[in-house]
Amino acid sequence: MAGLTAPAARLAFRPNWWARIGWVLLAVYVVYAFGRLDFNWPRFLVGLDNGARFIGRMLPPRIAQPDSLLKGLTESLEIAVLASFIGIMLSLPIGLFAARNLMPTWASWPARALIAAARSFHPVIVAIIFVKAVGFGALAGICALVLGSIGFIGKLFAEAIEEISLKQVEAIRATGASFMNVIAFGVMPQVFSRFIGFSTYQLDSNLRNSTMVGIVGAGGIGGTLFSAFQRFDYDFVAAILLAIIAMIMVGEVLATWVRGVFLERGKVDEE
Amino acid sequence: MSTALAVRGLVKEYVRGKRVLDGITLDFAAAGMTAIIGASGTGKSTLLRCVNRLVEPTAGEILFGGRDIAPLKGRELREARREIGMVFQEYNLVERLTVMENLLSGRLGYVPAHKAWLRRFPQQDIDRAFDLLDQVGLTGFANQRADALSGGQRQRVGIARAVMQNPKLLLADEPTSSLDPRTSVEIMELLCEVGRRHAIPVIVNMHDVDLARRFAERIIGMSGGKVVFDATAAELNDDELKKIYGGASWLA
């Protein structure tokens, strides 16, 4: 072969024509989409002007209705905590059932379908559905966020279980341990710290989402925020937004503390 | 001497038609150490794992404790398993649990789930675990996490965990293959001592022929899923080794 003609340079990597075509198509589509939408510099400048006026009306923040602010905040907090608690409790067994390395297909398939269904919609859409189903108020918000938590934690938990070392599980099985005992000593120790991480993250995310489900009438501070917007009470809107930021920050600190407590506990013996 | 374990016509096919174990029949006396040697992939591990049913045998009988445990399921299978201790090549400790928790996991066949989740083990098990830690030379290690130990220490915990079961039979799947030569000898000594002290048979898979000769009274050689040698350690000569491993150039 070599020697007949000048040896062609050998390629270390095969050209991937599909990937190249894909990049070109993406570039073409981005240009097309720019042209379709009213997305250009003059339009942006007009918007900035409007934004400056809006921010002007927000300052200084004013707590117009302290009662409704406080009630909204506590309700949001309650929604977030309850939804996280119920959601995490339900995610544990669902995630376990969904783990394909421990469960037979007849168990993992329905659990995975349930998780996929819970993940398909944004919490707002789920909240709208629950408002229609169970009526206005916190119950709808809790239901919506429970479903969201199952989708998130259930999936991550199942994936964490699928990554564990089966050697450790095998050793526990070899002692004659029952299924629940294998879970307690062979599986949980391997996934516990990650599970605490997922759970605190979900609590954090539920806190944020609980401030929003109120916009569609599912309880919490979102309702107060939305009506303030509709009344053009922008100074009150600013106060509500600041209150939400404060709540999220407190939640963050709390989540870090919970992580610290549990992950420390993982090392301490029972005595 | 009476028979503690008998395997009759044991067959295992992971893939239909491909026999990893091809009709193994063996009797194991009620005490003493037996070494199983053979090239990688001849089914030594599979044989041990069939005995405690971590691997499902395709056909054959496993007579243990006066009955055939090959067809057992559910509770009966778990009750048979808890009488069989197992030691693994890579120790298979639960890494994130403490040494004490790993030892107590040897009692999981006897502790109901709600107590296991709450880590409520009977005091006598806890006392026993501390005694065993002393016996295997790990006094004071109870609260260390398993992943903080060295290989030799881990294998000691692995052996202690198996002994916690009060087993009537001890299986060891290449217990020294991940260890240095000196630690290997110490681990083999420990396995021998456990067998003597509890008067139970010990069956060890191993690659180190010299170690097998030194510690085992009986040596079984496997090749291609079949037993090709089964005699005392003294009878294992170079001809027999060629039969077990094939070829001759590796024999110095």
# chains A, B, ... in the order shown; residues from 1 in each chain; ligands from 1
$ select_by_dssp --residues "range 35-202 of chain B" --states "helix (DSSP H, G or I)" --output "PDB file with N, CA and C atoms, in the first residue's frame"
ATOM      1  N   LYS B  44     -13.784 -21.526  40.083  1.00  0.00           N
ATOM      2  CA  LYS B  44     -13.579 -21.649  41.535  1.00  0.00           C
ATOM      3  C   LYS B  44     -14.525 -20.734  42.307  1.00  0.00           C
ATOM      4  N   SER B  45     -14.546 -19.480  41.869  1.00  0.00           N
ATOM      5  CA  SER B  45     -15.422 -18.506  42.526  1.00  0.00           C
ATOM      6  C   SER B  45     -16.881 -18.910  42.395  1.00  0.00           C
ATOM      7  N   THR B  46     -17.237 -19.350  41.198  1.00  0.00           N
ATOM      8  CA  THR B  46     -18.617 -19.753  40.952  1.00  0.00           C
ATOM      9  C   THR B  46     -19.008 -20.910  41.859  1.00  0.00           C
ATOM     10  N   LEU B  47     -18.080 -21.858  42.038  1.00  0.00           N
ATOM     11  CA  LEU B  47     -18.358 -23.001  42.912  1.00  0.00           C
ATOM     12  C   LEU B  47     -18.677 -22.526  44.328  1.00  0.00           C
ATOM     13  N   LEU B  48     -17.819 -21.656  44.881  1.00  0.00           N
ATOM     14  CA  LEU B  48     -18.063 -21.171  46.246  1.00  0.00           C
ATOM     15  C   LEU B  48     -19.378 -20.415  46.323  1.00  0.00           C
ATOM     16  N   ARG B  49     -19.631 -19.575  45.300  1.00  0.00           N
ATOM     17  CA  ARG B  49     -20.844 -18.764  45.341  1.00  0.00           C
ATOM     18  C   ARG B  49     -22.102 -19.582  45.108  1.00  0.00           C
ATOM     19  N   CYS B  50     -21.951 -20.743  44.496  1.00  0.00           N
ATOM     20  CA  CYS B  50     -23.113 -21.632  44.377  1.00  0.00           C
ATOM     21  C   CYS B  50     -23.453 -22.243  45.733  1.00  0.00           C
ATOM     22  N   VAL B  51     -22.407 -22.487  46.536  1.00  0.00           N
ATOM     23  CA  VAL B  51     -22.647 -23.140  47.824  1.00  0.00           C
ATOM     24  C   VAL B  51     -23.537 -22.269  48.710  1.00  0.00           C
ATOM     25  N   GLY B  74     -36.265 -17.670  49.597  1.00  0.00           N
ATOM     26  CA  GLY B  74     -36.759 -16.768  50.645  1.00  0.00           C
ATOM     27  C   GLY B  74     -36.163 -17.046  52.002  1.00  0.00           C
ATOM     28  N   ARG B  75     -37.033 -17.153  53.007  1.00  0.00           N
ATOM     29  CA  ARG B  75     -36.590 -17.284  54.386  1.00  0.00           C
ATOM     30  C   ARG B  75     -35.701 -18.500  54.595  1.00  0.00           C
ATOM     31  N   GLU B  76     -36.085 -19.634  53.998  1.00  0.00           N
ATOM     32  CA  GLU B  76     -35.288 -20.852  54.184  1.00  0.00           C
ATOM     33  C   GLU B  76     -33.878 -20.676  53.640  1.00  0.00           C
ATOM     34  N   LEU B  77     -33.783 -20.006  52.506  1.00  0.00           N
ATOM     35  CA  LEU B  77     -32.463 -19.757  51.917  1.00  0.00           C
ATOM     36  C   LEU B  77     -31.632 -18.870  52.844  1.00  0.00           C
ATOM     37  N   ARG B  78     -32.260 -17.808  53.375  1.00  0.00           N
ATOM     38  CA  ARG B  78     -31.522 -16.899  54.270  1.00  0.00           C
ATOM     39  C   ARG B  78     -31.075 -17.629  55.518  1.00  0.00           C
ATOM     40  N   GLU B  79     -31.922 -18.544  56.009  1.00  0.00           N
ATOM     41  CA  GLU B  79     -31.541 -19.281  57.209  1.00  0.00           C
ATOM     42  C   GLU B  79     -30.381 -20.227  56.933  1.00  0.00           C
ATOM     43  N   ALA B  80     -30.324 -20.766  55.705  1.00  0.00           N
ATOM     44  CA  ALA B  80     -29.176 -21.610  55.353  1.00  0.00           C
ATOM     45  C   ALA B  80     -27.923 -20.747  55.210  1.00  0.00           C
ATOM     46  N   ARG B  81     -28.083 -19.571  54.582  1.00  0.00           N
ATOM     47  CA  ARG B  81     -26.944 -18.684  54.337  1.00  0.00           C
ATOM     48  C   ARG B  81     -26.280 -18.216  55.620  1.00  0.00           C
ATOM     49  N   VAL B  99     -15.972  -0.300  61.872  1.00  0.00           N
ATOM     50  CA  VAL B  99     -15.567  -1.693  62.048  1.00  0.00           C
ATOM     51  C   VAL B  99     -16.625  -2.445  62.857  1.00  0.00           C
ATOM     52  N   MET B 100     -17.119  -1.805  63.927  1.00  0.00           N
ATOM     53  CA  MET B 100     -18.128  -2.464  64.760  1.00  0.00           C
ATOM     54  C   MET B 100     -19.397  -2.749  63.966  1.00  0.00           C
ATOM     55  N   GLU B 101     -19.843  -1.770  63.179  1.00  0.00           N
ATOM     56  CA  GLU B 101     -21.047  -1.991  62.377  1.00  0.00           C
ATOM     57  C   GLU B 101     -20.823  -3.114  61.374  1.00  0.00           C
ATOM     58  N   ASN B 102     -19.633  -3.163  60.804  1.00  0.00           N
ATOM     59  CA  ASN B 102     -19.337  -4.240  59.862  1.00  0.00           C
ATOM     60  C   ASN B 102     -19.368  -5.599  60.554  1.00  0.00           C
ATOM     61  N   LEU B 103     -18.828  -5.672  61.765  1.00  0.00           N
ATOM     62  CA  LEU B 103     -18.857  -6.940  62.489  1.00  0.00           C
ATOM     63  C   LEU B 103     -20.295  -7.338  62.806  1.00  0.00           C
ATOM     64  N   LEU B 104     -21.064  -6.358  63.294  1.00  0.00           N
ATOM     65  CA  LEU B 104     -22.440  -6.669  63.668  1.00  0.00           C
ATOM     66  C   LEU B 104     -23.280  -7.050  62.461  1.00  0.00           C
ATOM     67  N   SER B 105     -22.864  -6.610  61.271  1.00  0.00           N
ATOM     68  CA  SER B 105     -23.636  -6.989  60.082  1.00  0.00           C
ATOM     69  C   SER B 105     -23.600  -8.504  59.886  1.00  0.00           C
ATOM     70  N   GLY B 106     -22.638  -9.182  60.523  1.00  0.00           N
ATOM     71  CA  GLY B 106     -22.639 -10.640  60.500  1.00  0.00           C
ATOM     72  C   GLY B 106     -23.837 -11.246  61.223  1.00  0.00           C
ATOM     73  N   ARG B 107     -24.539 -10.432  62.030  1.00  0.00           N
ATOM     74  CA  ARG B 107     -25.704 -10.930  62.765  1.00  0.00           C
ATOM     75  C   ARG B 107     -27.013 -10.554  62.078  1.00  0.00           C
ATOM     76  N   ALA B 113     -35.691  -6.407  61.010  1.00  0.00           N
ATOM     77  CA  ALA B 113     -35.374  -5.185  60.266  1.00  0.00           C
ATOM     78  C   ALA B 113     -35.465  -3.921  61.115  1.00  0.00           C
ATOM     79  N   HIS B 114     -36.524  -3.780  61.932  1.00  0.00           N
ATOM     80  CA  HIS B 114     -36.664  -2.507  62.647  1.00  0.00           C
ATOM     81  C   HIS B 114     -35.505  -2.303  63.621  1.00  0.00           C
ATOM     82  N   LYS B 115     -35.008  -3.413  64.193  1.00  0.00           N
ATOM     83  CA  LYS B 115     -33.869  -3.278  65.099  1.00  0.00           C
ATOM     84  C   LYS B 115     -32.581  -3.000  64.325  1.00  0.00           C
ATOM     85  N   ALA B 116     -32.457  -3.611  63.146  1.00  0.00           N
ATOM     86  CA  ALA B 116     -31.257  -3.374  62.345  1.00  0.00           C
ATOM     87  C   ALA B 116     -31.186  -1.913  61.918  1.00  0.00           C
ATOM     88  N   TRP B 117     -32.325  -1.336  61.499  1.00  0.00           N
ATOM     89  CA  TRP B 117     -32.324   0.066  61.063  1.00  0.00           C
ATOM     90  C   TRP B 117     -31.949   0.989  62.206  1.00  0.00           C
ATOM     91  N   GLN B 123     -26.979  -7.280  73.297  1.00  0.00           N
ATOM     92  CA  GLN B 123     -25.718  -6.987  73.983  1.00  0.00           C
ATOM     93  C   GLN B 123     -24.714  -8.120  73.802  1.00  0.00           C
ATOM     94  N   GLN B 124     -25.210  -9.366  73.784  1.00  0.00           N
ATOM     95  CA  GLN B 124     -24.275 -10.494  73.667  1.00  0.00           C
ATOM     96  C   GLN B 124     -23.546 -10.458  72.318  1.00  0.00           C
ATOM     97  N   ASP B 125     -24.252  -9.989  71.262  1.00  0.00           N
ATOM     98  CA  ASP B 125     -23.580  -9.849  69.963  1.00  0.00           C
ATOM     99  C   ASP B 125     -22.488  -8.777  70.040  1.00  0.00           C
ATOM    100  N   ILE B 126     -22.810  -7.687  70.730  1.00  0.00           N
ATOM    101  CA  ILE B 126     -21.848  -6.592  70.838  1.00  0.00           C
ATOM    102  C   ILE B 126     -20.617  -7.052  71.622  1.00  0.00           C
ATOM    103  N   ASP B 127     -20.862  -7.764  72.743  1.00  0.00           N
ATOM    104  CA  ASP B 127     -19.735  -8.280  73.535  1.00  0.00           C
ATOM    105  C   ASP B 127     -18.876  -9.207  72.696  1.00  0.00           C
ATOM    106  N   ARG B 128     -19.554 -10.072  71.943  1.00  0.00           N
ATOM    107  CA  ARG B 128     -18.854 -11.028  71.100  1.00  0.00           C
ATOM    108  C   ARG B 128     -17.996 -10.298  70.059  1.00  0.00           C
ATOM    109  N   ALA B 129     -18.566  -9.240  69.496  1.00  0.00           N
ATOM    110  CA  ALA B 129     -17.832  -8.481  68.484  1.00  0.00           C
ATOM    111  C   ALA B 129     -16.549  -7.897  69.076  1.00  0.00           C
ATOM    112  N   PHE B 130     -16.646  -7.365  70.302  1.00  0.00           N
ATOM    113  CA  PHE B 130     -15.436  -6.822  70.938  1.00  0.00           C
ATOM    114  C   PHE B 130     -14.411  -7.929  71.184  1.00  0.00           C
ATOM    115  N   ASP B 131     -14.898  -9.110  71.644  1.00  0.00           N
ATOM    116  CA  ASP B 131     -13.978 -10.232  71.858  1.00  0.00           C
ATOM    117  C   ASP B 131     -13.283 -10.611  70.554  1.00  0.00           C
ATOM    118  N   LEU B 132     -14.064 -10.666  69.481  1.00  0.00           N
ATOM    119  CA  LEU B 132     -13.496 -11.068  68.191  1.00  0.00           C
ATOM    120  C   LEU B 132     -12.463 -10.050  67.706  1.00  0.00           C
ATOM    121  N   LEU B 133     -12.745  -8.778  67.941  1.00  0.00           N
ATOM    122  CA  LEU B 133     -11.777  -7.746  67.552  1.00  0.00           C
ATOM    123  C   LEU B 133     -10.451  -7.999  68.258  1.00  0.00           C
ATOM    124  N   ASP B 134     -10.523  -8.369  69.546  1.00  0.00           N
ATOM    125  CA  ASP B 134      -9.300  -8.709  70.271  1.00  0.00           C
ATOM    126  C   ASP B 134      -8.620  -9.902  69.610  1.00  0.00           C
ATOM    127  N   GLN B 135      -9.421 -10.910  69.279  1.00  0.00           N
ATOM    128  CA  GLN B 135      -8.845 -12.142  68.712  1.00  0.00           C
ATOM    129  C   GLN B 135      -8.142 -11.904  67.382  1.00  0.00           C
ATOM    130  N   ALA B 146     -14.411   1.630  58.102  1.00  0.00           N
ATOM    131  CA  ALA B 146     -13.747   0.541  57.390  1.00  0.00           C
ATOM    132  C   ALA B 146     -12.809   1.065  56.307  1.00  0.00           C
ATOM    133  N   ASP B 147     -13.154   2.193  55.675  1.00  0.00           N
ATOM    134  CA  ASP B 147     -12.313   2.665  54.578  1.00  0.00           C
ATOM    135  C   ASP B 147     -11.024   3.314  55.070  1.00  0.00           C
ATOM    136  N   ALA B 148     -10.861   3.377  56.402  1.00  0.00           N
ATOM    137  CA  ALA B 148      -9.619   3.936  56.935  1.00  0.00           C
ATOM    138  C   ALA B 148      -8.587   2.852  57.220  1.00  0.00           C
ATOM    139  N   GLY B 151      -5.272  -3.057  53.926  1.00  0.00           N
ATOM    140  CA  GLY B 151      -5.810  -4.292  53.353  1.00  0.00           C
ATOM    141  C   GLY B 151      -5.851  -5.430  54.351  1.00  0.00           C
ATOM    142  N   GLY B 152      -4.741  -5.645  55.058  1.00  0.00           N
ATOM    143  CA  GLY B 152      -4.691  -6.738  56.020  1.00  0.00           C
ATOM    144  C   GLY B 152      -5.713  -6.559  57.130  1.00  0.00           C
ATOM    145  N   GLN B 153      -5.834  -5.303  57.598  1.00  0.00           N
ATOM    146  CA  GLN B 153      -6.807  -5.027  58.654  1.00  0.00           C
ATOM    147  C   GLN B 153      -8.226  -5.258  58.156  1.00  0.00           C
ATOM    148  N   ARG B 154      -8.478  -4.862  56.925  1.00  0.00           N
ATOM    149  CA  ARG B 154      -9.815  -5.055  56.369  1.00  0.00           C
ATOM    150  C   ARG B 154     -10.157  -6.525  56.291  1.00  0.00           C
ATOM    151  N   GLN B 155      -9.174  -7.336  55.858  1.00  0.00           N
ATOM    152  CA  GLN B 155      -9.475  -8.750  55.735  1.00  0.00           C
ATOM    153  C   GLN B 155      -9.723  -9.369  57.104  1.00  0.00           C
ATOM    154  N   ARG B 156      -9.029  -8.864  58.131  1.00  0.00           N
ATOM    155  CA  ARG B 156      -9.304  -9.346  59.486  1.00  0.00           C
ATOM    156  C   ARG B 156     -10.735  -9.023  59.883  1.00  0.00           C
ATOM    157  N   VAL B 157     -11.175  -7.806  59.525  1.00  0.00           N
ATOM    158  CA  VAL B 157     -12.573  -7.450  59.816  1.00  0.00           C
ATOM    159  C   VAL B 157     -13.510  -8.374  59.029  1.00  0.00           C
ATOM    160  N   GLY B 158     -13.135  -8.645  57.763  1.00  0.00           N
ATOM    161  CA  GLY B 158     -13.964  -9.532  56.938  1.00  0.00           C
ATOM    162  C   GLY B 158     -14.100 -10.914  57.567  1.00  0.00           C
ATOM    163  N   ILE B 159     -12.991 -11.426  58.097  1.00  0.00           N
ATOM    164  CA  ILE B 159     -13.035 -12.741  58.736  1.00  0.00           C
ATOM    165  C   ILE B 159     -13.866 -12.667  60.019  1.00  0.00           C
ATOM    166  N   ALA B 160     -13.655 -11.605  60.810  1.00  0.00           N
ATOM    167  CA  ALA B 160     -14.419 -11.467  62.054  1.00  0.00           C
ATOM    168  C   ALA B 160     -15.913 -11.365  61.753  1.00  0.00           C
ATOM    169  N   ARG B 161     -16.269 -10.656  60.685  1.00  0.00           N
ATOM    170  CA  ARG B 161     -17.682 -10.542  60.311  1.00  0.00           C
ATOM    171  C   ARG B 161     -18.267 -11.921  60.011  1.00  0.00           C
ATOM    172  N   ALA B 162     -17.490 -12.735  59.271  1.00  0.00           N
ATOM    173  CA  ALA B 162     -17.973 -14.087  58.958  1.00  0.00           C
ATOM    174  C   ALA B 162     -18.114 -14.918  60.228  1.00  0.00           C
ATOM    175  N   VAL B 163     -17.153 -14.767  61.144  1.00  0.00           N
ATOM    176  CA  VAL B 163     -17.199 -15.551  62.388  1.00  0.00           C
ATOM    177  C   VAL B 163     -18.375 -15.112  63.261  1.00  0.00           C
ATOM    178  N   MET B 164     -18.743 -13.831  63.185  1.00  0.00           N
ATOM    179  CA  MET B 164     -19.898 -13.329  63.937  1.00  0.00           C
ATOM    180  C   MET B 164     -21.156 -14.143  63.637  1.00  0.00           C
ATOM    181  N   PRO B 181       2.797 -10.670  50.669  1.00  0.00           N
ATOM    182  CA  PRO B 181       3.091 -12.059  51.073  1.00  0.00           C
ATOM    183  C   PRO B 181       3.020 -12.282  52.581  1.00  0.00           C
ATOM    184  N   ARG B 182       3.548 -11.345  53.330  1.00  0.00           N
ATOM    185  CA  ARG B 182       3.562 -11.552  54.775  1.00  0.00           C
ATOM    186  C   ARG B 182       2.134 -11.515  55.344  1.00  0.00           C
ATOM    187  N   THR B 183       1.364 -10.506  54.930  1.00  0.00           N
ATOM    188  CA  THR B 183      -0.010 -10.405  55.405  1.00  0.00           C
ATOM    189  C   THR B 183      -0.814 -11.628  54.953  1.00  0.00           C
ATOM    190  N   SER B 184      -0.505 -12.127  53.738  1.00  0.00           N
ATOM    191  CA  SER B 184      -1.201 -13.308  53.232  1.00  0.00           C
ATOM    192  C   SER B 184      -1.042 -14.478  54.190  1.00  0.00           C
ATOM    193  N   VAL B 185       0.185 -14.683  54.641  1.00  0.00           N
ATOM    194  CA  VAL B 185       0.441 -15.789  55.566  1.00  0.00           C
ATOM    195  C   VAL B 185      -0.339 -15.574  56.863  1.00  0.00           C
ATOM    196  N   GLU B 186      -0.337 -14.331  57.344  1.00  0.00           N
ATOM    197  CA  GLU B 186      -1.050 -14.043  58.592  1.00  0.00           C
ATOM    198  C   GLU B 186      -2.543 -14.308  58.449  1.00  0.00           C
ATOM    199  N   ILE B 187      -3.081 -13.925  57.286  1.00  0.00           N
ATOM    200  CA  ILE B 187      -4.516 -14.143  57.063  1.00  0.00           C
ATOM    201  C   ILE B 187      -4.815 -15.640  56.973  1.00  0.00           C
ATOM    202  N   MET B 188      -3.941 -16.392  56.292  1.00  0.00           N
ATOM    203  CA  MET B 188      -4.155 -17.837  56.209  1.00  0.00           C
ATOM    204  C   MET B 188      -4.084 -18.476  57.594  1.00  0.00           C
ATOM    205  N   GLU B 189      -3.132 -18.013  58.402  1.00  0.00           N
ATOM    206  CA  GLU B 189      -3.038 -18.527  59.778  1.00  0.00           C
ATOM    207  C   GLU B 189      -4.323 -18.247  60.543  1.00  0.00           C
ATOM    208  N   LEU B 190      -4.845 -17.039  60.343  1.00  0.00           N
ATOM    209  CA  LEU B 190      -6.076 -16.666  61.039  1.00  0.00           C
ATOM    210  C   LEU B 190      -7.237 -17.555  60.593  1.00  0.00           C
ATOM    211  N   LEU B 191      -7.310 -17.814  59.283  1.00  0.00           N
ATOM    212  CA  LEU B 191      -8.394 -18.668  58.779  1.00  0.00           C
ATOM    213  C   LEU B 191      -8.285 -20.080  59.363  1.00  0.00           C
ATOM    214  N   CYS B 192      -7.059 -20.605  59.420  1.00  0.00           N
ATOM    215  CA  CYS B 192      -6.831 -21.924  60.009  1.00  0.00           C
ATOM    216  C   CYS B 192      -7.285 -21.958  61.462  1.00  0.00           C
ATOM    217  N   GLU B 193      -6.881 -20.889  62.176  1.00  0.00           N
ATOM    218  CA  GLU B 193      -7.192 -20.845  63.596  1.00  0.00           C
ATOM    219  C   GLU B 193      -8.705 -20.782  63.821  1.00  0.00           C
ATOM    220  N   VAL B 194      -9.384 -19.975  62.998  1.00  0.00           N
ATOM    221  CA  VAL B 194     -10.842 -19.879  63.108  1.00  0.00           C
ATOM    222  C   VAL B 194     -11.473 -21.248  62.879  1.00  0.00           C
ATOM    223  N   GLY B 195     -10.977 -21.966  61.867  1.00  0.00           N
ATOM    224  CA  GLY B 195     -11.509 -23.301  61.584  1.00  0.00           C
ATOM    225  C   GLY B 195     -11.318 -24.245  62.759  1.00  0.00           C
ATOM    226  N   ARG B 196     -10.119 -24.205  63.350  1.00  0.00           N
ATOM    227  CA  ARG B 196      -9.836 -25.088  64.490  1.00  0.00           C
ATOM    228  C   ARG B 196     -10.683 -24.718  65.697  1.00  0.00           C
ATOM    229  N   ARG B 197     -10.692 -23.434  66.024  1.00  0.00           N
ATOM    230  CA  ARG B 197     -11.361 -22.981  67.233  1.00  0.00           C
ATOM    231  C   ARG B 197     -12.863 -23.285  67.207  1.00  0.00           C
ATOM    232  N   HIS B 198     -13.459 -23.128  66.025  1.00  0.00           N
ATOM    233  CA  HIS B 198     -14.897 -23.364  65.928  1.00  0.00           C
ATOM    234  C   HIS B 198     -15.218 -24.753  65.385  1.00  0.00           C
TER     235      HIS B 198
END
$ residues_around --residues "Ile215 in chain A" --least-positions-apart "2" --cutoff "10 Å" --atoms "only C-alpha atoms" --output "tab-separated table (two decimals) with C-alpha atoms, in the first residue's frame"
chain	number	residue	atom	x	y	z
A	124	VAL	CA	-46.38	26.00	37.80
A	127	ALA	CA	-49.86	23.78	40.45
A	128	ILE	CA	-52.49	25.01	37.96
A	210	SER	CA	-43.25	27.85	47.10
A	211	THR	CA	-42.95	31.60	46.55
A	212	MET	CA	-44.14	31.11	43.00
A	213	VAL	CA	-47.05	28.67	43.10
A	217	GLY	CA	-53.51	30.57	43.39
A	218	ALA	CA	-51.83	27.64	45.07
A	219	GLY	CA	-51.00	29.47	48.30
A	220	GLY	CA	-48.01	31.37	49.66
A	221	ILE	CA	-46.33	34.72	49.11
A	222	GLY	CA	-46.70	34.46	45.32
A	223	GLY	CA	-50.37	35.45	45.59
A	224	THR	CA	-49.48	38.60	47.53
A	225	LEU	CA	-46.76	39.40	45.02
A	226	PHE	CA	-49.05	38.94	42.04
A	227	SER	CA	-51.81	41.16	43.41
$ interface_residues --of "chain A" --to "chain B" --cutoff "9 Å" --atoms "only C-alpha atoms" --output "ChimeraX atom specification"
/A:165-182,184-187,189-190,266-270
$ atom_distance --atom1 "CA of Gly140 in chain B" --atom2 "CA of Asp180 in chain B"
23.7 Å
$ residues_around --residues "Phe54 in chain A" --least-positions-apart "5" --cutoff "12 Å" --atoms "only C-alpha atoms" --output "PyMOL selection string"
chain A and resi 47-49+59-60+229+232-235+237-238
$ atom_distance --atom1 "CA of Ser178 in chain B" --atom2 "CA of Val136 in chain B"
18.4 Å
$ residues_around --residues "range 238-243 of chain B" --least-positions-apart "2" --cutoff "9 Å" --atoms "only C-alpha atoms" --output "PyMOL selection string"
chain B and resi 38+221+223+228-229+235-236+245-248+251
$ write_last_selection --atoms "N, CA and C atoms" --output "PDB file, in the first residue's frame"
ATOM      1  N   GLY B  38      -6.562 -23.472  40.731  1.00  0.00           N
ATOM      2  CA  GLY B  38      -6.907 -23.578  39.324  1.00  0.00           C
ATOM      3  C   GLY B  38      -6.763 -22.234  38.651  1.00  0.00           C
ATOM      4  N   GLY B 221      -7.882 -29.442  42.681  1.00  0.00           N
ATOM      5  CA  GLY B 221      -7.477 -28.696  41.501  1.00  0.00           C
ATOM      6  C   GLY B 221      -8.610 -28.692  40.492  1.00  0.00           C
ATOM      7  N   SER B 223     -10.048 -27.453  36.584  1.00  0.00           N
ATOM      8  CA  SER B 223      -9.691 -27.003  35.246  1.00  0.00           C
ATOM      9  C   SER B 223     -10.906 -27.180  34.359  1.00  0.00           C
ATOM     10  N   VAL B 228      -9.962 -31.870  38.598  1.00  0.00           N
ATOM     11  CA  VAL B 228      -8.949 -32.715  37.954  1.00  0.00           C
ATOM     12  C   VAL B 228      -7.936 -33.249  38.960  1.00  0.00           C
ATOM     13  N   PHE B 229      -8.008 -32.736  40.193  1.00  0.00           N
ATOM     14  CA  PHE B 229      -7.098 -33.211  41.230  1.00  0.00           C
ATOM     15  C   PHE B 229      -7.804 -33.079  42.565  1.00  0.00           C
ATOM     16  N   GLU B 235       0.562 -34.819  47.956  1.00  0.00           N
ATOM     17  CA  GLU B 235       0.472 -35.524  46.669  1.00  0.00           C
ATOM     18  C   GLU B 235       0.471 -34.591  45.471  1.00  0.00           C
ATOM     19  N   LEU B 236       0.470 -33.283  45.741  1.00  0.00           N
ATOM     20  CA  LEU B 236       0.436 -32.329  44.626  1.00  0.00           C
ATOM     21  C   LEU B 236       1.838 -32.128  44.085  1.00  0.00           C
ATOM     22  N   TYR B 245      -3.088 -26.502  35.571  1.00  0.00           N
ATOM     23  CA  TYR B 245      -2.918 -25.190  34.942  1.00  0.00           C
ATOM     24  C   TYR B 245      -2.595 -25.271  33.461  1.00  0.00           C
ATOM     25  N   GLY B 246      -2.174 -26.464  32.976  1.00  0.00           N
ATOM     26  CA  GLY B 246      -1.770 -26.586  31.578  1.00  0.00           C
ATOM     27  C   GLY B 246      -0.390 -26.009  31.367  1.00  0.00           C
ATOM     28  N   GLY B 247       0.319 -26.499  30.341  1.00  0.00           N
ATOM     29  CA  GLY B 247       1.643 -25.977  30.032  1.00  0.00           C
ATOM     30  C   GLY B 247       2.655 -26.380  31.076  1.00  0.00           C
ATOM     31  N   ALA B 248       3.905 -26.044  30.846  1.00  0.00           N
ATOM     32  CA  ALA B 248       4.940 -26.429  31.795  1.00  0.00           C
ATOM     33  C   ALA B 248       5.961 -25.326  31.999  1.00  0.00           C
ATOM     34  N   LEU B 251       6.531 -23.506  35.313  1.00  0.00           N
ATOM     35  CA  LEU B 251       7.064 -24.195  36.488  1.00  0.00           C
ATOM     36  C   LEU B 251       8.569 -24.004  36.523  1.00  0.00           C
TER      37      LEU B 251
END
$ atom_distance --atom1 "CA of Ala160 in chain A" --atom2 "CA of Val191 in chain A"
6.3 Å
$ closest_residue --among "B:Leu211, B:Ala216, B:Ala231, B:Ala6" --to "Arg67 in chain B" --atoms "only C-alpha atoms"
B:Ala6
$ residues_around --residues "Glu75 in chain A" --least-positions-apart "2" --cutoff "8 Å" --atoms "only C-alpha atoms" --output "list in words"
Lys71, Gly72, Leu73, Leu77, Glu78, Ile79, Ala138, Gly219, Gly220 and Ile221 of chain A
$ residues_around --residues "range 80-88 of chain A" --least-positions-apart "6" --cutoff "9 Å" --atoms "only C-alpha atoms" --output "list in words"
Gly141, Ile142, Cys143, Ala144, Leu145, Val146, Leu147, Gly148, Ser149, Ile150, Ile153, Gly154, Ser199, Thr200, Gln202, Leu203, Asp204, Ser205, Asn206, Leu207, Arg208, Asn209, Ser210 and Thr211 of chain A
